[in-house]
>>> print(open('my_file.pdb').read())   # PDB, C-alpha atoms
MODEL        1
ATOM      1  CA  PRO A   1      39.996  66.733  82.764
ATOM      2  CA  ALA A   2      39.361  70.408  82.474
ATOM      3  CA  GLN A   3      41.842  72.343  80.397
ATOM      4  CA  LEU A   4      44.200  74.324  82.549
ATOM      5  CA  GLU A   5      44.176  77.962  81.645
ATOM      6  CA  VAL A   6      47.270  79.261  79.949
ATOM      7  CA  CYS A   7      47.889  82.976  80.171
ATOM      8  CA  VAL A   8      50.311  85.148  78.286
ATOM      9  CA  GLY A   9      50.933  88.648  79.404
ATOM     10  CA  LYS A  10      52.830  91.678  78.203
ATOM     11  CA  ALA A  11      53.889  94.767  80.008
ATOM     12  CA  ARG A  12      56.148  97.735  79.454
ATOM     13  CA  ALA A  13      58.487  98.720  82.176
ATOM     14  CA  LEU A  14      56.742 101.991  82.927
ATOM     15  CA  GLU A  15      59.144 102.905  85.721
ATOM     16  CA  LEU A  16      62.591 101.365  85.978
ATOM     17  CA  ASP A  17      63.694 100.839  89.572
ATOM     18  CA  THR A  18      67.171 102.381  89.223
ATOM     19  CA  SER A  19      68.185 101.504  92.773
ATOM     20  CA  LEU A  20      67.492  97.828  92.050
ATOM     21  CA  ALA A  21      69.448  98.014  88.798
ATOM     22  CA  GLU A  22      72.347  99.695  90.611
ATOM     23  CA  ALA A  23      72.291  97.005  93.284
ATOM     24  CA  HIS A  24      72.578  94.249  90.681
ATOM     25  CA  ALA A  25      75.361  96.088  88.848
ATOM     26  CA  SER A  26      77.228  96.911  92.050
ATOM     27  CA  ARG A  27      77.090  93.316  93.193
ATOM     28  CA  GLY A  28      78.551  92.147  89.894
ATOM     29  CA  LEU A  29      81.198  94.854  89.859
ATOM     30  CA  ALA A  30      82.158  94.184  93.470
ATOM     31  CA  LEU A  31      82.695  90.494  92.748
ATOM     32  CA  SER A  32      84.701  91.302  89.640
ATOM     33  CA  LEU A  33      86.852  93.894  91.429
ATOM     34  CA  ARG A  34      87.486  91.574  94.368
ATOM     35  CA  GLU A  35      88.764  88.935  91.957
ATOM     36  CA  ARG A  36      91.025  91.500  90.251
ATOM     37  CA  TYR A  37      92.400  92.682  93.618
ATOM     38  CA  GLU A  38      93.072  89.097  94.692
ATOM     39  CA  GLU A  39      94.861  88.417  91.403
ATOM     40  CA  ALA A  40      96.944  91.582  91.740
ATOM     41  CA  MET A  41      97.907  90.810  95.340
ATOM     42  CA  ALA A  42      98.927  87.301  94.286
ATOM     43  CA  GLN A  43     101.189  88.831  91.632
ATOM     44  CA  PHE A  44     102.934  91.014  94.208
ATOM     45  CA  GLU A  45     103.249  88.228  96.770
ATOM     46  CA  GLN A  46     104.843  85.924  94.194
ATOM     47  CA  ALA A  47     107.131  88.444  92.496
ATOM     48  CA  ILE A  48     108.144  90.927  95.210
ATOM     49  CA  THR A  49     110.485  90.654  98.154
ATOM     50  CA  GLY A  50     110.299  93.878 100.118
ATOM     51  CA  LYS A  51     113.497  95.478 101.401
ATOM     52  CA  TRP A  52     114.273  97.866 104.215
ATOM     53  CA  THR A  53     117.104  99.586 106.034
ATOM     54  CA  TYR A  54     117.108 101.662 109.218
ATOM     55  CA  GLY A  55     119.340 103.479 111.663
ATOM     56  CA  HIS A  56     119.228 104.301 115.376
ATOM     57  CA  TYR A  57     120.258 107.757 116.629
ATOM     58  CA  LEU A  58     120.376 109.975 119.677
ATOM     59  CA  LEU A  59     118.457 113.269 119.452
ATOM     60  CA  ASP A  60     119.714 116.767 120.189
ATOM     61  CA  HIS A  61     116.930 119.154 121.280
ATOM     62  CA  SER A  62     119.253 122.027 122.261
ATOM     63  CA  VAL A  63     118.017 124.450 119.568
ATOM     64  CA  GLU A  64     114.363 125.455 119.902
ATOM     65  CA  GLY A  65     112.260 124.392 116.920
ATOM     66  CA  LEU A  66     114.990 122.113 115.542
ATOM     67  CA  ILE A  67     115.936 118.529 116.282
ATOM     68  CA  THR A  68     119.272 117.129 115.170
ATOM     69  CA  LEU A  69     120.265 113.499 114.856
ATOM     70  CA  GLU A  70     123.547 113.466 116.728
ATOM     71  CA  GLY A  71     126.600 112.775 114.596
ATOM     72  CA  THR A  72     124.740 113.345 111.310
ATOM     73  CA  ALA A  73     123.729 116.142 108.956
ATOM     74  CA  VAL A  74     120.049 115.381 109.534
ATOM     75  CA  VAL A  75     118.010 118.282 110.937
ATOM     76  CA  LEU A  76     114.283 117.922 111.586
ATOM     77  CA  GLU A  77     112.466 121.229 111.643
ATOM     78  CA  GLY A  78     108.856 122.209 112.172
ATOM     79  CA  LYS A  79     106.367 122.391 114.979
ATOM     80  CA  SER A  80     104.716 119.071 114.137
ATOM     81  CA  ILE A  81     107.833 116.882 114.280
ATOM     82  CA  THR A  82     109.127 118.799 117.315
ATOM     83  CA  ARG A  83     105.848 118.090 119.098
ATOM     84  CA  THR A  84     105.963 114.411 118.116
ATOM     85  CA  LEU A  85     109.540 113.878 119.324
ATOM     86  CA  LYS A  86     109.627 116.287 122.269
ATOM     87  CA  ARG A  87     109.647 113.459 124.829
ATOM     88  CA  CYS A  88     112.067 111.253 122.888
ATOM     89  CA  LYS A  89     115.801 110.937 123.471
ATOM     90  CA  GLU A  90     116.343 108.474 120.642
ATOM     91  CA  VAL A  91     114.936 107.942 117.175
ATOM     92  CA  TYR A  92     114.925 105.401 114.365
ATOM     93  CA  ILE A  93     114.732 106.348 110.707
ATOM     94  CA  MET A  94     113.731 103.705 108.212
ATOM     95  CA  VAL A  95     113.307 103.267 104.461
ATOM     96  CA  CYS A  96     111.231 100.469 102.917
ATOM     97  CA  THR A  97     110.578  99.616  99.286
ATOM     98  CA  LEU A  98     109.023  97.135  96.881
ATOM     99  CA  GLY A  99     111.951  97.725  94.541
ATOM    100  CA  VAL A 100     111.930  98.236  90.792
ATOM    101  CA  GLN A 101     109.882  95.083  90.281
ATOM    102  CA  GLY A 102     106.946  96.746  92.027
ATOM    103  CA  ASP A 103     106.929  99.594  89.506
ATOM    104  CA  LEU A 104     107.203  97.131  86.622
ATOM    105  CA  LEU A 105     104.166  95.166  87.819
ATOM    106  CA  ILE A 106     102.099  98.348  88.004
ATOM    107  CA  GLU A 107     103.130  99.412  84.497
ATOM    108  CA  ARG A 108     102.461  95.940  83.094
ATOM    109  CA  ASN A 109      98.911  96.039  84.462
ATOM    110  CA  LYS A 110      98.377  99.580  83.150
ATOM    111  CA  MET A 111      99.232  98.373  79.667
ATOM    112  CA  MET A 112      96.461  95.783  79.907
ATOM    113  CA  SER A 113      93.860  98.308  81.105
ATOM    114  CA  PRO A 114      93.600 101.516  83.163
ATOM    115  CA  THR A 115      91.430  99.691  85.701
ATOM    116  CA  LEU A 116      93.989  96.926  86.221
ATOM    117  CA  GLY A 117      96.678  99.585  86.538
ATOM    118  CA  MET A 118      94.686 101.382  89.234
ATOM    119  CA  ILE A 119      94.104  98.121  91.099
ATOM    120  CA  ALA A 120      97.782  97.165  90.899
ATOM    121  CA  ASP A 121      98.795 100.598  92.177
ATOM    122  CA  ALA A 122      96.441 100.299  95.155
ATOM    123  CA  CYS A 123      97.702  96.803  95.950
ATOM    124  CA  ALA A 124     101.308  98.005  95.756
ATOM    125  CA  SER A 125     100.542 100.799  98.237
ATOM    126  CA  ALA A 126      98.986  98.295 100.631
ATOM    127  CA  PHE A 127     101.871  95.881 100.170
ATOM    128  CA  VAL A 128     104.584  98.442 100.926
ATOM    129  CA  GLU A 129     102.725  99.353 104.127
ATOM    130  CA  THR A 130     102.945  95.703 105.221
ATOM    131  CA  ILE A 131     106.681  95.813 104.499
ATOM    132  CA  ALA A 132     106.934  98.922 106.684
ATOM    133  CA  ASP A 133     104.988  97.092 109.415
ATOM    134  CA  SER A 134     107.504  94.233 109.282
ATOM    135  CA  CYS A 135     110.420  96.652 109.503
ATOM    136  CA  GLN A 136     108.813  98.374 112.481
ATOM    137  CA  GLN A 137     108.258  95.051 114.212
ATOM    138  CA  GLU A 138     111.952  94.258 113.799
ATOM    139  CA  ILE A 139     112.859  97.599 115.378
ATOM    140  CA  GLU A 140     110.384  97.072 118.221
ATOM    141  CA  SER A 141     112.013  93.742 119.032
ATOM    142  CA  GLN A 142     115.196  95.659 119.896
ATOM    143  CA  LEU A 143     113.621  98.162 122.296
ATOM    144  CA  PRO A 144     114.196  98.041 126.052
ATOM    145  CA  ALA A 145     111.415  96.503 128.117
ATOM    146  CA  GLY A 146     108.447  98.882 128.421
ATOM    147  CA  ALA A 147     109.609 101.231 125.656
ATOM    148  CA  ALA A 148     107.517 101.902 122.535
ATOM    149  CA  LEU A 149     107.727 103.750 119.247
ATOM    150  CA  THR A 150     105.820 106.803 118.118
ATOM    151  CA  PHE A 151     103.630 106.395 115.061
ATOM    152  CA  ARG A 152     105.488 106.510 111.759
ATOM    153  CA  TYR A 153     106.062 110.120 110.721
ATOM    154  CA  ALA A 154     107.059 110.988 107.149
ATOM    155  CA  PRO A 155     108.604 114.135 105.645
ATOM    156  CA  GLY A 156     105.890 116.126 103.904
ATOM    157  CA  TYR A 157     103.438 115.590 106.744
ATOM    158  CA  GLY A 158     102.547 118.700 108.720
ATOM    159  CA  ASP A 159     105.294 121.307 108.386
ATOM    160  CA  LEU A 160     108.235 118.888 108.148
ATOM    161  CA  PRO A 161     109.723 119.721 104.703
ATOM    162  CA  LEU A 162     109.560 117.035 102.038
ATOM    163  CA  ALA A 163     113.189 117.885 101.249
ATOM    164  CA  THR A 164     114.136 116.227 104.562
ATOM    165  CA  ASN A 165     113.954 112.957 102.632
ATOM    166  CA  LYS A 166     117.237 113.888 100.942
ATOM    167  CA  THR A 167     119.285 113.925 104.146
ATOM    168  CA  LEU A 168     117.464 110.899 105.584
ATOM    169  CA  LEU A 169     118.120 108.772 102.493
ATOM    170  CA  GLY A 170     121.687 110.033 102.332
ATOM    171  CA  GLU A 171     122.339 109.170 105.966
ATOM    172  CA  LEU A 172     121.057 105.626 105.465
ATOM    173  CA  GLN A 173     122.813 105.253 102.097
ATOM    174  CA  SER A 174     119.551 103.795 100.865
ATOM    175  CA  ASP A 175     120.600 103.971  97.219
ATOM    176  CA  LYS A 176     123.465 101.541  97.800
ATOM    177  CA  ARG A 177     121.699  99.385 100.369
ATOM    178  CA  ILE A 178     118.218  98.894  98.906
ATOM    179  CA  GLY A 179     118.162 100.934  95.685
ATOM    180  CA  VAL A 180     115.999 103.859  96.853
ATOM    181  CA  HIS A 181     116.927 107.383  95.789
ATOM    182  CA  LEU A 182     115.364 110.781  95.072
ATOM    183  CA  THR A 183     114.774 112.470  91.748
ATOM    184  CA  ASP A 184     115.483 116.189  91.285
ATOM    185  CA  SER A 185     111.776 116.821  91.934
ATOM    186  CA  MET A 186     112.014 115.058  95.329
ATOM    187  CA  LEU A 187     110.109 111.959  94.215
ATOM    188  CA  MET A 188     111.356 108.631  95.482
ATOM    189  CA  THR A 189     112.236 105.857  93.094
ATOM    190  CA  PRO A 190     111.175 103.104  93.112
ATOM    191  CA  ARG A 191     107.789 104.774  93.521
ATOM    192  CA  LYS A 192     106.445 102.389  96.132
ATOM    193  CA  SER A 193     108.887 103.328  98.863
ATOM    194  CA  ILE A 194     108.382 104.723 102.360
ATOM    195  CA  VAL A 195     110.570 106.891 104.585
ATOM    196  CA  ALA A 196     109.584 107.122 108.234
ATOM    197  CA  ILE A 197     110.775 108.618 111.511
ATOM    198  CA  LEU A 198     109.985 106.773 114.742
ATOM    199  CA  GLY A 199     110.777 108.249 118.124
ATOM    200  CA  VAL A 200     111.545 105.963 121.065
ATOM    201  CA  LEU A 201     109.181 106.523 123.987
ATOM    202  CA  GLU A 202     110.198 105.440 127.433
ATOM    203  CA  GLU A 203     107.839 103.317 129.486
ATOM    204  CA  GLY A 204     104.532 104.989 130.350
ATOM    205  CA  ILE A 205     104.610 107.707 127.667
ATOM    206  CA  SER A 206     101.634 107.887 125.273
ATOM    207  CA  LYS A 207     102.162 107.705 121.510
ATOM    208  CA  GLY A 208      99.841 110.625 120.750
ATOM    209  CA  LYS A 209      98.191 111.054 117.328
ATOM    210  CA  ASN A 210      98.755 108.685 114.430
ATOM    211  CA  HIS A 211     100.495 110.061 111.340
ATOM    212  CA  ARG A 212     100.217 107.476 108.571
ATOM    213  CA  CYS A 213     102.913 107.516 105.890
ATOM    214  CA  GLY A 214     101.884 108.056 102.324
ATOM    215  CA  ASN A 215     103.389 106.230  99.317
TER     216      ASN A 215
ENDMDL
END
>>> encode(input="my_file.pdb", output="structure tokens")
Amino acid sequence: PAQLEVCVGKARALELDTSLAEAHASRGLALSLRERYEEAMAQFEQAITGKWTYGHYLLDHSVEGLITLEGTAVVLEGKSITRTLKRCKEVYIMVCTLGVQGDLLIERNKMMSPTLGMIADACASAFVETIADSCQQEIESQLPAGAALTFRYAPGYGDLPLATNKTLLGELQSDKRIGVHLTDSMLMTPRKSIVAILGVLEEGISKGKNHRCGN
């Protein structure tokens, strides 16, 4: 039979297709990051039990530009919170946290690598939001038929002073109940903690704009 032709070729990559190279790298990085995120979330789910505490109060709107929680030292001031609660007669304040163990998991991952630390921090932020969702669901289960809650509103958003956290945490005795307190620089510890204000809306009243809590 005739000899089949065997060819050998050489070529230089005269022009590297950078977009193709980036696509291959991105695909690999995405898979790797997804695995790291899944591992980090598994760590939090296994090691962390979120905690929360909350209180229910009547509102006093008698002073323009200020809202007081009746029977407490808590005063909410600023146009943004006044606008959010202007149609509310009652309010809930809540504090949620991952606890000290959440901070320890983040630091442990940071010691292994900055990337793992960043991933753990992001997962902790997502996890504490789910804890806040669970707390809110518990509150919602206690509302009268047809009533709803405003979106979660946190001190530091809009013109509501960050220092409001001090009176809110003090009112709820969050340090004794779930171990959350403020530093002198107004940072919450444990770090992955959330404070939120939720007005009670009577049936038929719109929630308005969403104000997501940071952590």
>>> resolve_selection(input="my_file.pdb", expression="the PyMOL selection byres ((chain A and resi 53-65) around 7)", output="JSON list (two decimals) with C-alpha atoms, keeping the file's coordinate frame")
[["chain", "number", "residue", "atom", "x", "y", "z"],
["A", 52, "TRP", "CA", 114.27, 97.87, 104.22],
["A", 66, "LEU", "CA", 114.99, 122.11, 115.54],
["A", 67, "ILE", "CA", 115.94, 118.53, 116.28],
["A", 68, "THR", "CA", 119.27, 117.13, 115.17],
["A", 69, "LEU", "CA", 120.26, 113.50, 114.86],
["A", 70, "GLU", "CA", 123.55, 113.47, 116.73],
["A", 77, "GLU", "CA", 112.47, 121.23, 111.64],
["A", 78, "GLY", "CA", 108.86, 122.21, 112.17],
["A", 79, "LYS", "CA", 106.37, 122.39, 114.98],
["A", 82, "THR", "CA", 109.13, 118.80, 117.32],
["A", 89, "LYS", "CA", 115.80, 110.94, 123.47],
["A", 90, "GLU", "CA", 116.34, 108.47, 120.64],
["A", 91, "VAL", "CA", 114.94, 107.94, 117.18],
["A", 92, "TYR", "CA", 114.92, 105.40, 114.36],
["A", 93, "ILE", "CA", 114.73, 106.35, 110.71],
["A", 94, "MET", "CA", 113.73, 103.70, 108.21],
["A", 95, "VAL", "CA", 113.31, 103.27, 104.46],
["A", 96, "CYS", "CA", 111.23, 100.47, 102.92],
["A", 172, "LEU", "CA", 121.06, 105.63, 105.46]]
>>> residues_around(input="my_file.pdb", residues="Ala126 of chain A", least_positions_apart="3", cutoff="12 Å", atoms="only C-alpha atoms", output="PDB file with C-alpha atoms, in the frame of the given file")
ATOM      1  CA  TYR A  37      92.400  92.682  93.618  1.00  0.00           C
ATOM      2  CA  ALA A  40      96.944  91.582  91.740  1.00  0.00           C
ATOM      3  CA  MET A  41      97.907  90.810  95.340  1.00  0.00           C
ATOM      4  CA  PHE A  44     102.934  91.014  94.208  1.00  0.00           C
ATOM      5  CA  GLU A  45     103.249  88.228  96.770  1.00  0.00           C
ATOM      6  CA  THR A  97     110.578  99.616  99.286  1.00  0.00           C
ATOM      7  CA  LEU A  98     109.023  97.135  96.881  1.00  0.00           C
ATOM      8  CA  GLY A 102     106.946  96.746  92.027  1.00  0.00           C
ATOM      9  CA  ILE A 119      94.104  98.121  91.099  1.00  0.00           C
ATOM     10  CA  ALA A 120      97.782  97.165  90.899  1.00  0.00           C
ATOM     11  CA  ASP A 121      98.795 100.598  92.177  1.00  0.00           C
ATOM     12  CA  ALA A 122      96.441 100.299  95.155  1.00  0.00           C
ATOM     13  CA  CYS A 123      97.702  96.803  95.950  1.00  0.00           C
ATOM     14  CA  GLU A 129     102.725  99.353 104.127  1.00  0.00           C
ATOM     15  CA  THR A 130     102.945  95.703 105.221  1.00  0.00           C
ATOM     16  CA  ILE A 131     106.681  95.813 104.499  1.00  0.00           C
ATOM     17  CA  ALA A 132     106.934  98.922 106.684  1.00  0.00           C
ATOM     18  CA  ASP A 133     104.988  97.092 109.415  1.00  0.00           C
ATOM     19  CA  LYS A 192     106.445 102.389  96.132  1.00  0.00           C
ATOM     20  CA  SER A 193     108.887 103.328  98.863  1.00  0.00           C
ATOM     21  CA  ILE A 194     108.382 104.723 102.360  1.00  0.00           C
ATOM     22  CA  CYS A 213     102.913 107.516 105.890  1.00  0.00           C
ATOM     23  CA  GLY A 214     101.884 108.056 102.324  1.00  0.00           C
ATOM     24  CA  ASN A 215     103.389 106.230  99.317  1.00  0.00           C
TER      25      ASN A 215
END
>>> closest_residue(input="my_file.pdb", among="A:Glu202, A:Glu38, A:Asp103, A:Glu171", to="Thr150 of chain A", atoms="only C-alpha atoms")
A:Glu202
>>> axis_aligned_box(input="my_file.pdb", around="segment 110-120 of chain A", padding_each_side="5 Å", output="AutoDock Vina command-line options")
--center_x 95.3 --center_y 98.6 --center_z 85.4 --size_x 17.8 --size_y 15.7 --size_z 21.4
>>> closest_residue(input="my_file.pdb", among="A:Gly170, A:Gly99, A:Pro155, A:Gly146", to="Leu198 of chain A", atoms="all atoms listed in the file")
A:Pro155
>>> closest_residue(input="my_file.pdb", among="A:Pro190, A:Pro144, A:Gly117, A:Pro161", to="Arg36 of chain A", atoms="all atoms listed in the file")
A:Gly117
>>> atom_distance(input="my_file.pdb", atom1="atom CA of Leu116 of chain A", atom2="atom CA of Leu104 of chain A")
13.2 Å
>>> decode(input="my_file.pdb", residues="segment 55-85 of chain A", atoms="N, CA, C and O atoms", output="compact mmCIF listing (two decimals), in the first residue's frame")
# COMPACT_ATOMS: atom_id res chain seq x y z
N GLY A 55 -36.97 43.83 70.32
CA GLY A 55 -37.98 44.42 71.17
C GLY A 55 -39.05 45.12 70.35
O GLY A 55 -38.80 45.53 69.21
N HIS A 56 -40.22 45.28 70.93
CA HIS A 56 -41.39 45.85 70.27
C HIS A 56 -41.81 47.10 71.03
O HIS A 56 -41.99 47.06 72.25
N TYR A 57 -41.97 48.23 70.33
CA TYR A 57 -42.21 49.51 70.99
C TYR A 57 -43.25 50.34 70.26
O TYR A 57 -43.41 50.23 69.04
N LEU A 58 -43.92 51.20 71.02
CA LEU A 58 -44.78 52.21 70.44
C LEU A 58 -43.93 53.41 70.09
O LEU A 58 -42.91 53.70 70.73
N LEU A 59 -44.34 54.17 69.06
CA LEU A 59 -43.59 55.34 68.60
C LEU A 59 -44.28 56.62 69.01
O LEU A 59 -45.51 56.72 69.00
N ASP A 60 -43.46 57.62 69.32
CA ASP A 60 -43.95 58.96 69.65
C ASP A 60 -43.45 59.91 68.57
O ASP A 60 -42.24 60.13 68.45
N HIS A 61 -44.35 60.46 67.77
CA HIS A 61 -44.01 61.38 66.68
C HIS A 61 -44.28 62.84 67.05
O HIS A 61 -44.36 63.68 66.17
N SER A 62 -44.44 63.15 68.33
CA SER A 62 -44.94 64.47 68.73
C SER A 62 -43.95 65.60 68.45
O SER A 62 -44.36 66.76 68.32
N VAL A 63 -42.67 65.31 68.36
CA VAL A 63 -41.67 66.35 68.08
C VAL A 63 -41.23 66.22 66.62
O VAL A 63 -40.75 65.16 66.21
N GLU A 64 -41.39 67.29 65.86
CA GLU A 64 -41.05 67.24 64.43
C GLU A 64 -39.58 66.93 64.22
O GLU A 64 -38.70 67.53 64.84
N GLY A 65 -39.30 65.97 63.34
CA GLY A 65 -37.93 65.60 63.02
C GLY A 65 -37.31 64.60 63.97
O GLY A 65 -36.18 64.16 63.77
N LEU A 66 -38.06 64.22 65.02
CA LEU A 66 -37.57 63.24 65.99
C LEU A 66 -38.64 62.18 66.22
O LEU A 66 -39.83 62.47 66.23
N ILE A 67 -38.19 60.96 66.41
CA ILE A 67 -39.10 59.88 66.78
C ILE A 67 -38.54 59.22 68.03
O ILE A 67 -37.35 58.88 68.09
N THR A 68 -39.38 59.07 69.03
CA THR A 68 -38.97 58.45 70.28
C THR A 68 -39.65 57.10 70.44
O THR A 68 -40.82 56.94 70.10
N LEU A 69 -38.91 56.14 70.96
CA LEU A 69 -39.50 54.86 71.34
C LEU A 69 -40.05 55.04 72.75
O LEU A 69 -39.29 55.29 73.69
N GLU A 70 -41.35 54.98 72.87
CA GLU A 70 -42.00 55.29 74.15
C GLU A 70 -41.45 54.42 75.28
O GLU A 70 -41.26 53.22 75.14
N GLY A 71 -41.19 55.08 76.41
CA GLY A 71 -40.70 54.38 77.59
C GLY A 71 -39.24 54.03 77.56
O GLY A 71 -38.75 53.27 78.39
N THR A 72 -38.48 54.59 76.59
CA THR A 72 -37.05 54.30 76.47
C THR A 72 -36.27 55.60 76.28
O THR A 72 -36.85 56.68 76.11
N ALA A 73 -34.95 55.47 76.25
CA ALA A 73 -34.09 56.62 75.97
C ALA A 73 -33.73 56.71 74.49
O ALA A 73 -32.93 57.54 74.09
N VAL A 74 -34.36 55.87 73.67
CA VAL A 74 -34.01 55.81 72.25
C VAL A 74 -34.72 56.93 71.49
O VAL A 74 -35.94 57.03 71.52
N VAL A 75 -33.91 57.75 70.80
CA VAL A 75 -34.43 58.82 69.94
C VAL A 75 -33.86 58.61 68.54
O VAL A 75 -32.65 58.46 68.37
N LEU A 76 -34.75 58.57 67.56
CA LEU A 76 -34.34 58.42 66.17
C LEU A 76 -34.49 59.76 65.49
O LEU A 76 -35.58 60.33 65.45
N GLU A 77 -33.38 60.29 64.98
CA GLU A 77 -33.44 61.60 64.36
C GLU A 77 -32.88 61.59 62.95
O GLU A 77 -31.98 60.82 62.63
N GLY A 78 -33.46 62.43 62.11
CA GLY A 78 -33.03 62.51 60.72
C GLY A 78 -34.21 62.41 59.79
O GLY A 78 -35.22 61.76 60.10
N LYS A 79 -34.07 63.04 58.65
CA LYS A 79 -35.18 63.05 57.68
C LYS A 79 -35.47 61.66 57.13
O LYS A 79 -36.62 61.31 56.88
N SER A 80 -34.41 60.87 56.92
CA SER A 80 -34.60 59.57 56.27
C SER A 80 -35.40 58.61 57.14
O SER A 80 -36.34 57.97 56.68
N ILE A 81 -35.05 58.50 58.43
CA ILE A 81 -35.77 57.57 59.30
C ILE A 81 -37.16 58.10 59.60
O ILE A 81 -38.13 57.33 59.72
N THR A 82 -37.31 59.44 59.68
CA THR A 82 -38.63 60.03 59.90
C THR A 82 -39.55 59.71 58.73
O THR A 82 -40.72 59.37 58.92
N ARG A 83 -39.00 59.79 57.53
CA ARG A 83 -39.78 59.49 56.33
C ARG A 83 -40.17 58.00 56.29
O ARG A 83 -41.29 57.65 55.94
N THR A 84 -39.24 57.14 56.69
CA THR A 84 -39.50 55.71 56.67
C THR A 84 -40.59 55.31 57.66
O THR A 84 -41.43 54.44 57.37
N LEU A 85 -40.59 55.94 58.84
CA LEU A 85 -41.50 55.54 59.91
C LEU A 85 -42.71 56.45 60.07
O LEU A 85 -43.49 56.28 61.01
